[in-house]
$ cat model_21.csv   # CSV, C-alpha atoms
chain,number,residue,atom,x,y,z
F,1,MET,CA,100.3,126.9,121.1
F,2,VAL,CA,98.1,125.7,123.9
F,3,LYS,CA,96.3,122.4,124.0
F,4,LEU,CA,93.5,120.8,125.8
F,5,ILE,CA,94.4,117.2,126.4
F,6,ALA,CA,91.9,114.4,127.0
F,7,LEU,CA,93.4,111.1,128.2
F,8,TYR,CA,91.0,108.1,128.4
F,9,LYS,CA,91.4,105.0,130.4
F,10,GLN,CA,90.5,101.6,128.9
F,11,PRO,CA,86.7,101.4,128.4
F,12,GLU,CA,84.8,98.2,129.3
F,13,ASP,CA,83.7,97.9,125.7
F,14,GLN,CA,86.2,99.2,123.1
F,15,GLN,CA,83.9,98.8,120.2
F,16,LYS,CA,81.1,100.7,121.8
F,17,PHE,CA,83.6,103.4,122.9
F,18,ASP,CA,85.0,103.7,119.4
F,19,GLY,CA,81.6,103.9,117.8
F,20,HIS,CA,80.5,106.8,120.1
F,21,TYR,CA,83.9,108.5,120.0
F,22,PHE,CA,84.5,108.6,116.3
F,23,GLY,CA,80.8,108.6,115.2
F,24,THR,CA,79.5,111.3,117.6
F,25,HIS,CA,82.1,112.8,120.0
F,26,ALA,CA,84.9,113.7,117.6
F,27,PRO,CA,82.5,115.4,115.1
F,28,ILE,CA,80.9,117.5,117.8
F,29,THR,CA,84.3,118.5,119.2
F,30,GLU,CA,85.8,119.4,115.8
F,31,LYS,CA,83.1,122.1,115.5
F,32,ILE,CA,84.4,124.1,118.4
F,33,PRO,CA,85.3,127.6,117.1
F,34,GLY,CA,89.0,128.4,117.4
F,35,LEU,CA,90.2,124.8,117.3
F,36,LYS,CA,93.3,124.8,115.1
F,37,LYS,CA,94.1,121.1,115.1
F,38,MET,CA,92.9,117.9,116.7
F,39,GLU,CA,95.2,114.9,117.1
F,40,VAL,CA,93.9,111.5,118.2
F,41,THR,CA,96.3,108.8,119.4
F,42,LYS,CA,95.3,105.2,120.2
F,43,ILE,CA,97.3,103.9,123.1
F,44,ILE,CA,98.6,100.4,122.0
F,45,GLY,CA,100.6,99.5,125.1
F,46,SER,CA,103.6,100.6,127.1
F,47,PRO,CA,107.2,99.6,127.2
F,48,MET,CA,106.3,97.3,130.0
F,49,GLY,CA,103.4,95.6,128.1
F,50,GLU,CA,99.8,96.8,128.7
F,51,SER,CA,98.6,100.2,129.5
F,52,GLU,CA,95.7,101.3,131.6
F,53,TYR,CA,95.1,104.0,129.0
F,54,TYR,CA,93.2,103.7,125.7
F,55,LEU,CA,93.1,107.0,123.8
F,56,LEU,CA,94.7,110.4,123.9
F,57,CYS,CA,93.2,113.4,122.2
F,58,GLU,CA,95.0,116.7,121.8
F,59,MET,CA,93.1,119.8,120.8
F,60,TYR,CA,95.3,122.8,119.8
F,61,TYR,CA,94.4,126.5,120.2
F,62,GLU,CA,96.4,129.6,119.4
F,63,ASP,CA,96.9,130.6,123.0
F,64,LYS,CA,95.3,130.5,126.5
F,65,ASP,CA,92.8,133.3,125.7
F,66,ALA,CA,91.6,131.5,122.5
F,67,LEU,CA,91.1,128.3,124.5
F,68,ASN,CA,89.2,130.2,127.3
F,69,THR,CA,87.0,131.8,124.7
F,70,ALA,CA,86.4,128.5,122.9
F,71,MET,CA,85.4,126.8,126.1
F,72,LYS,CA,82.5,129.3,126.5
F,73,THR,CA,80.9,128.5,123.2
F,74,ASP,CA,77.8,126.3,122.7
F,75,GLU,CA,79.8,123.9,120.7
F,76,ALA,CA,82.3,123.3,123.6
F,77,LYS,CA,79.4,123.0,126.0
F,78,ALA,CA,77.8,120.3,123.8
F,79,SER,CA,81.2,118.5,123.5
F,80,GLY,CA,81.7,118.6,127.3
F,81,LYS,CA,78.1,117.4,128.0
F,82,ASP,CA,78.6,114.5,125.6
F,83,LEU,CA,82.0,113.7,127.1
F,84,MET,CA,80.6,113.5,130.6
F,85,LYS,CA,77.8,111.2,129.4
F,86,PHE,CA,79.8,108.6,127.6
F,87,ALA,CA,83.2,108.8,129.3
F,88,GLY,CA,83.0,110.9,132.5
F,89,ASN,CA,84.5,108.1,134.5
F,90,LEU,CA,87.3,107.4,132.0
F,91,VAL,CA,88.7,110.8,131.1
F,92,THR,CA,91.4,113.0,132.6
F,93,LEU,CA,91.5,116.6,131.1
F,94,MET,CA,94.6,118.7,131.1
F,95,ILE,CA,95.6,122.1,129.7
F,96,GLY,CA,99.1,122.2,128.3
F,97,GLU,CA,101.5,124.8,126.8
F,98,GLU,CA,104.1,123.7,124.3
F,99,VAL,CA,107.7,124.2,125.5
F,100,ASN,CA,110.1,125.7,123.0
F,101,GLU,CA,113.5,124.7,124.3
E,1,MET,CA,103.6,107.6,113.1
E,2,VAL,CA,104.1,106.0,116.5
E,3,LYS,CA,104.9,107.8,119.6
E,4,LEU,CA,106.3,107.0,123.0
E,5,ILE,CA,104.5,109.2,125.5
E,6,ALA,CA,105.8,110.1,129.0
E,7,LEU,CA,103.4,111.7,131.3
E,8,TYR,CA,104.8,113.1,134.6
E,9,LYS,CA,102.9,113.8,137.8
E,10,GLN,CA,103.7,117.0,139.7
E,11,PRO,CA,107.2,116.7,141.3
E,12,GLU,CA,107.8,117.8,144.8
E,13,ASP,CA,110.3,120.4,143.6
E,14,GLN,CA,109.5,121.8,140.2
E,15,GLN,CA,112.7,123.8,139.9
E,16,LYS,CA,114.8,120.7,140.6
E,17,PHE,CA,112.8,118.7,138.2
E,18,ASP,CA,113.1,121.3,135.4
E,19,GLY,CA,116.8,121.5,136.0
E,20,HIS,CA,117.3,117.8,135.5
E,21,TYR,CA,114.7,117.4,132.8
E,22,PHE,CA,115.8,120.2,130.5
E,23,GLY,CA,119.5,120.1,131.5
E,24,THR,CA,120.2,116.4,131.5
E,25,HIS,CA,117.2,114.1,130.6
E,26,ALA,CA,116.0,115.8,127.4
E,27,PRO,CA,119.5,116.1,125.8
E,28,ILE,CA,120.1,112.3,126.5
E,29,THR,CA,116.7,111.4,125.1
E,30,GLU,CA,117.1,113.5,121.9
E,31,LYS,CA,120.2,111.4,121.0
E,32,ILE,CA,118.1,108.2,120.6
E,33,PRO,CA,118.6,106.9,117.0
E,34,GLY,CA,115.4,107.0,114.9
E,35,LEU,CA,113.7,109.7,116.9
E,36,LYS,CA,111.9,111.9,114.4
E,37,LYS,CA,110.5,114.6,116.7
E,38,MET,CA,110.1,115.3,120.4
E,39,GLU,CA,107.4,117.5,121.7
E,40,VAL,CA,107.4,118.7,125.3
E,41,THR,CA,104.2,120.2,126.9
E,42,LYS,CA,104.0,121.8,130.3
E,43,ILE,CA,100.7,121.0,132.0
E,44,ILE,CA,99.4,124.3,133.3
E,45,GLY,CA,96.1,123.2,134.8
E,46,SER,CA,92.8,121.6,133.8
E,47,PRO,CA,89.4,122.9,132.9
E,48,MET,CA,88.5,122.3,136.6
E,49,GLY,CA,91.5,124.1,138.0
E,50,GLU,CA,94.6,122.3,139.0
E,51,SER,CA,96.1,119.1,137.5
E,52,GLU,CA,97.9,116.3,139.2
E,53,TYR,CA,100.1,116.2,136.1
E,54,TYR,CA,103.1,118.4,135.3
E,55,LEU,CA,104.7,117.5,132.0
E,56,LEU,CA,104.0,115.5,128.8
E,57,CYS,CA,106.7,114.4,126.4
E,58,GLU,CA,105.9,112.9,123.1
E,59,MET,CA,108.6,111.1,121.1
E,60,TYR,CA,107.8,110.3,117.5
E,61,TYR,CA,109.1,107.3,115.5
E,62,GLU,CA,108.3,106.3,111.9
E,63,ASP,CA,106.5,103.1,113.0
E,64,LYS,CA,106.4,100.4,115.7
E,65,ASP,CA,109.5,98.6,114.3
E,66,ALA,CA,111.5,101.8,114.4
E,67,LEU,CA,110.5,102.4,118.0
E,68,ASN,CA,111.3,98.8,119.0
E,69,THR,CA,114.7,99.1,117.3
E,70,ALA,CA,115.3,102.5,119.0
E,71,MET,CA,114.5,101.1,122.4
E,72,LYS,CA,117.3,98.6,122.2
E,73,THR,CA,120.1,101.2,121.6
E,74,ASP,CA,122.5,102.3,124.2
E,75,GLU,CA,121.1,105.8,124.0
E,76,ALA,CA,117.6,104.6,124.9
E,77,LYS,CA,119.0,102.5,127.7
E,78,ALA,CA,120.8,105.6,129.1
E,79,SER,CA,117.6,107.6,128.8
E,80,GLY,CA,115.6,105.0,130.5
E,81,LYS,CA,118.1,104.6,133.3
E,82,ASP,CA,118.2,108.3,133.9
E,83,LEU,CA,114.4,108.5,133.8
E,84,MET,CA,114.0,105.8,136.5
E,85,LYS,CA,116.6,107.6,138.7
E,86,PHE,CA,115.0,111.1,138.7
E,87,ALA,CA,111.3,110.4,138.0
E,88,GLY,CA,110.6,106.7,138.3
E,89,ASN,CA,107.8,107.4,140.8
E,90,LEU,CA,106.3,110.2,138.7
E,91,VAL,CA,106.2,108.9,135.2
E,92,THR,CA,103.6,106.9,133.2
E,93,LEU,CA,104.9,105.6,129.8
E,94,MET,CA,102.5,104.8,126.9
E,95,ILE,CA,103.0,103.8,123.3
E,96,GLY,CA,100.5,105.4,120.9
E,97,GLU,CA,99.6,105.2,117.3
E,98,GLU,CA,98.3,108.2,115.4
E,99,VAL,CA,94.7,107.8,114.2
E,100,ASN,CA,93.9,109.1,110.8
E,101,GLU,CA,90.2,109.4,110.6

$ encode --input "model_21.csv" --output "structure tokens"
Amino acid sequence: MVKLIALYKQPEDQQKFDGHYFGTHAPITEKIPGLKKMEVTKIIGSPMGESEYYLLCEMYYEDKDALNTAMKTDEAKASGKDLMKFAGNLVTLMIGEEVNE
Amino acid sequence: MVKLIALYKQPEDQQKFDGHYFGTHAPITEKIPGLKKMEVTKIIGSPMGESEYYLLCEMYYEDKDALNTAMKTDEAKASGKDLMKFAGNLVTLMIGEEVNE
């Protein structure tokens, strides 16, 4: 499996971020064709205390081709546009491939 | 579930990093009592091209207490000591809690 990973830094206003994320952004993103699974993790700290990060979202696709195809859909474009609008300055995007040792 | 997340930046020498990570670090880490599941993801890029990150490791525990208890074991201390030695300047550690929408 391949996953698109979105790692968000702490927002200025957590309540406002959560409202938009769970109320608008996640529902748009879940509609992207080909998405197999979406896992959202709230960052609650680090072993050293606080963390500069706030939220991690992992979006799983069958393989790299499926992800590339998905990224070209209107649904993905709508998700990307929304992302840049509400968290363009907070998010780091990565593409990852699961390692089977 | 709660997870300890280790996100590594690109190492100078990927082959050397992989050798130590998969040959030494992962086997030490997998021995930590209470660890339910360990997922390793190779970062292969980003939607914009390259990524400054190289690897993501997610270590799952039953809950926050289980993670705290695990972190006090000799196995966790050995893993932490090894981590600081081979990738102290590359790694960001986070503690995350799965969100069930």

$ closest_residue --input "model_21.csv" --among "F:Tyr21, F:Tyr61, F:Phe86, F:Tyr53" --to "chain E" --atoms "all atoms listed in the file"
F:Tyr53

$ interface_residues --input "model_21.csv" --of "chain E" --to "chain F" --cutoff "7 Å" --atoms "all atoms listed in the file" --output "number ranges by chain"
E: 40-47, 51, 93-99

$ write_last_selection --input "model_21.csv" --atoms "C-alpha atoms" --output "short mmCIF file (atom, residue, chain, number, x, y, z; two decimals), in the frame of the given file"
data_model
loop_
_atom_site.label_atom_id
_atom_site.label_comp_id
_atom_site.auth_asym_id
_atom_site.auth_seq_id
_atom_site.Cartn_x
_atom_site.Cartn_y
_atom_site.Cartn_z
CA VAL E 40 107.40 118.70 125.30
CA THR E 41 104.20 120.20 126.90
CA LYS E 42 104.00 121.80 130.30
CA ILE E 43 100.70 121.00 132.00
CA ILE E 44 99.40 124.30 133.30
CA GLY E 45 96.10 123.20 134.80
CA SER E 46 92.80 121.60 133.80
CA PRO E 47 89.40 122.90 132.90
CA SER E 51 96.10 119.10 137.50
CA LEU E 93 104.90 105.60 129.80
CA MET E 94 102.50 104.80 126.90
CA ILE E 95 103.00 103.80 123.30
CA GLY E 96 100.50 105.40 120.90
CA GLU E 97 99.60 105.20 117.30
CA GLU E 98 98.30 108.20 115.40
CA VAL E 99 94.70 107.80 114.20
#

$ residues_near_point --input "model_21.csv" --point "(79.0, 119.0, 117.1)" --cutoff "7 Å" --atoms "all atoms listed in the file" --output "JSON, numbers by chain"
{"F": [27, 28, 29, 30, 31, 75, 78, 79]}

$ atom_distance --input "model_21.csv" --atom1 "CA of Ile32 in chain F" --atom2 "CA of Met84 in chain F"
16.6 Å

$ atom_distance --input "model_21.csv" --atom1 "CA of Lys37 in chain E" --atom2 "CA of Met59 in chain E"
5.9 Å

$ decode --input "model_21.csv" --residues "range 52-94 of chain F" --atoms "N, CA and C atoms" --output "compact mmCIF listing (two decimals), in the first residue's frame"
# COMPACT_ATOMS: atom_id res chain seq x y z
N GLU F 52 5.66 20.36 18.19
CA GLU F 52 5.29 21.47 17.29
C GLU F 52 4.19 21.02 16.32
N TYR F 53 3.89 19.69 16.35
CA TYR F 53 2.87 19.17 15.42
C TYR F 53 1.54 18.94 16.14
N TYR F 54 0.47 18.97 15.32
CA TYR F 54 -0.89 18.91 15.89
C TYR F 54 -1.70 17.72 15.40
N LEU F 55 -1.53 17.38 14.14
CA LEU F 55 -2.38 16.34 13.55
C LEU F 55 -1.66 15.65 12.39
N LEU F 56 -1.93 14.35 12.28
CA LEU F 56 -1.36 13.54 11.19
C LEU F 56 -2.51 12.83 10.50
N CYS F 57 -2.56 12.94 9.18
CA CYS F 57 -3.59 12.20 8.45
C CYS F 57 -2.93 11.32 7.41
N GLU F 58 -3.31 10.03 7.41
CA GLU F 58 -2.74 9.08 6.46
C GLU F 58 -3.83 8.55 5.55
N MET F 59 -3.64 8.75 4.26
CA MET F 59 -4.64 8.35 3.26
C MET F 59 -4.06 7.24 2.38
N TYR F 60 -4.65 6.06 2.51
CA TYR F 60 -4.10 4.87 1.86
C TYR F 60 -4.70 4.61 0.48
N TYR F 61 -3.80 4.25 -0.45
CA TYR F 61 -4.21 3.85 -1.80
C TYR F 61 -3.54 2.52 -2.12
N GLU F 62 -4.13 1.82 -3.09
CA GLU F 62 -3.66 0.49 -3.46
C GLU F 62 -2.17 0.49 -3.85
N ASP F 63 -1.80 1.41 -4.72
CA ASP F 63 -0.40 1.53 -5.15
C ASP F 63 -0.16 2.94 -5.69
N LYS F 64 1.06 3.16 -6.21
CA LYS F 64 1.42 4.50 -6.64
C LYS F 64 0.57 4.98 -7.81
N ASP F 65 0.25 4.06 -8.73
CA ASP F 65 -0.61 4.42 -9.87
C ASP F 65 -1.99 4.85 -9.39
N ALA F 66 -2.53 4.12 -8.43
CA ALA F 66 -3.86 4.47 -7.91
C ALA F 66 -3.84 5.85 -7.27
N LEU F 67 -2.76 6.16 -6.56
CA LEU F 67 -2.63 7.49 -5.94
C LEU F 67 -2.52 8.57 -7.02
N ASN F 68 -1.69 8.31 -8.03
CA ASN F 68 -1.53 9.29 -9.12
C ASN F 68 -2.86 9.54 -9.84
N THR F 69 -3.60 8.48 -10.09
CA THR F 69 -4.90 8.61 -10.75
C THR F 69 -5.86 9.40 -9.86
N ALA F 70 -5.86 9.08 -8.56
CA ALA F 70 -6.74 9.76 -7.62
C ALA F 70 -6.46 11.26 -7.59
N MET F 71 -5.16 11.61 -7.61
CA MET F 71 -4.77 13.01 -7.48
C MET F 71 -5.27 13.89 -8.64
N LYS F 72 -5.63 13.25 -9.74
CA LYS F 72 -6.11 14.00 -10.91
C LYS F 72 -7.63 14.21 -10.91
N THR F 73 -8.32 13.64 -9.94
CA THR F 73 -9.79 13.76 -9.92
C THR F 73 -10.24 15.11 -9.38
N ASP F 74 -11.48 15.47 -9.73
CA ASP F 74 -12.05 16.73 -9.23
C ASP F 74 -12.11 16.74 -7.71
N GLU F 75 -12.39 15.57 -7.13
CA GLU F 75 -12.50 15.47 -5.67
C GLU F 75 -11.15 15.79 -5.01
N ALA F 76 -10.05 15.28 -5.58
CA ALA F 76 -8.72 15.56 -5.03
C ALA F 76 -8.35 17.03 -5.20
N LYS F 77 -8.75 17.58 -6.35
CA LYS F 77 -8.46 19.00 -6.58
C LYS F 77 -9.23 19.86 -5.58
N ALA F 78 -10.46 19.49 -5.29
CA ALA F 78 -11.26 20.24 -4.31
C ALA F 78 -10.63 20.12 -2.92
N SER F 79 -10.15 18.92 -2.58
CA SER F 79 -9.51 18.72 -1.28
C SER F 79 -8.22 19.54 -1.18
N GLY F 80 -7.43 19.52 -2.23
CA GLY F 80 -6.16 20.26 -2.26
C GLY F 80 -6.39 21.77 -2.15
N LYS F 81 -7.41 22.24 -2.85
CA LYS F 81 -7.74 23.67 -2.84
C LYS F 81 -8.16 24.09 -1.43
N ASP F 82 -9.01 23.27 -0.82
CA ASP F 82 -9.47 23.55 0.54
C ASP F 82 -8.29 23.52 1.52
N LEU F 83 -7.42 22.54 1.35
CA LEU F 83 -6.24 22.41 2.23
C LEU F 83 -5.39 23.66 2.20
N MET F 84 -5.09 24.13 0.99
CA MET F 84 -4.23 25.30 0.86
C MET F 84 -4.87 26.53 1.50
N LYS F 85 -6.22 26.58 1.44
CA LYS F 85 -6.94 27.74 1.95
C LYS F 85 -6.90 27.78 3.49
N PHE F 86 -7.10 26.62 4.13
CA PHE F 86 -7.23 26.67 5.59
C PHE F 86 -5.96 26.28 6.34
N ALA F 87 -5.01 25.62 5.63
CA ALA F 87 -3.81 25.15 6.35
C ALA F 87 -2.56 25.08 5.47
N GLY F 88 -2.54 25.90 4.42
CA GLY F 88 -1.39 25.88 3.50
C GLY F 88 -0.07 26.16 4.20
N ASN F 89 -0.13 26.96 5.26
CA ASN F 89 1.09 27.33 6.00
C ASN F 89 1.40 26.37 7.15
N LEU F 90 0.54 25.36 7.35
CA LEU F 90 0.74 24.44 8.48
C LEU F 90 1.11 23.03 8.02
N VAL F 91 0.78 22.69 6.78
CA VAL F 91 0.86 21.29 6.36
C VAL F 91 2.14 20.92 5.61
N THR F 92 2.63 19.72 5.89
CA THR F 92 3.69 19.09 5.12
C THR F 92 3.10 17.82 4.51
N LEU F 93 3.22 17.68 3.19
CA LEU F 93 2.70 16.49 2.52
C LEU F 93 3.84 15.55 2.14
N MET F 94 3.61 14.27 2.33
CA MET F 94 4.60 13.24 1.95
C MET F 94 3.87 12.08 1.29
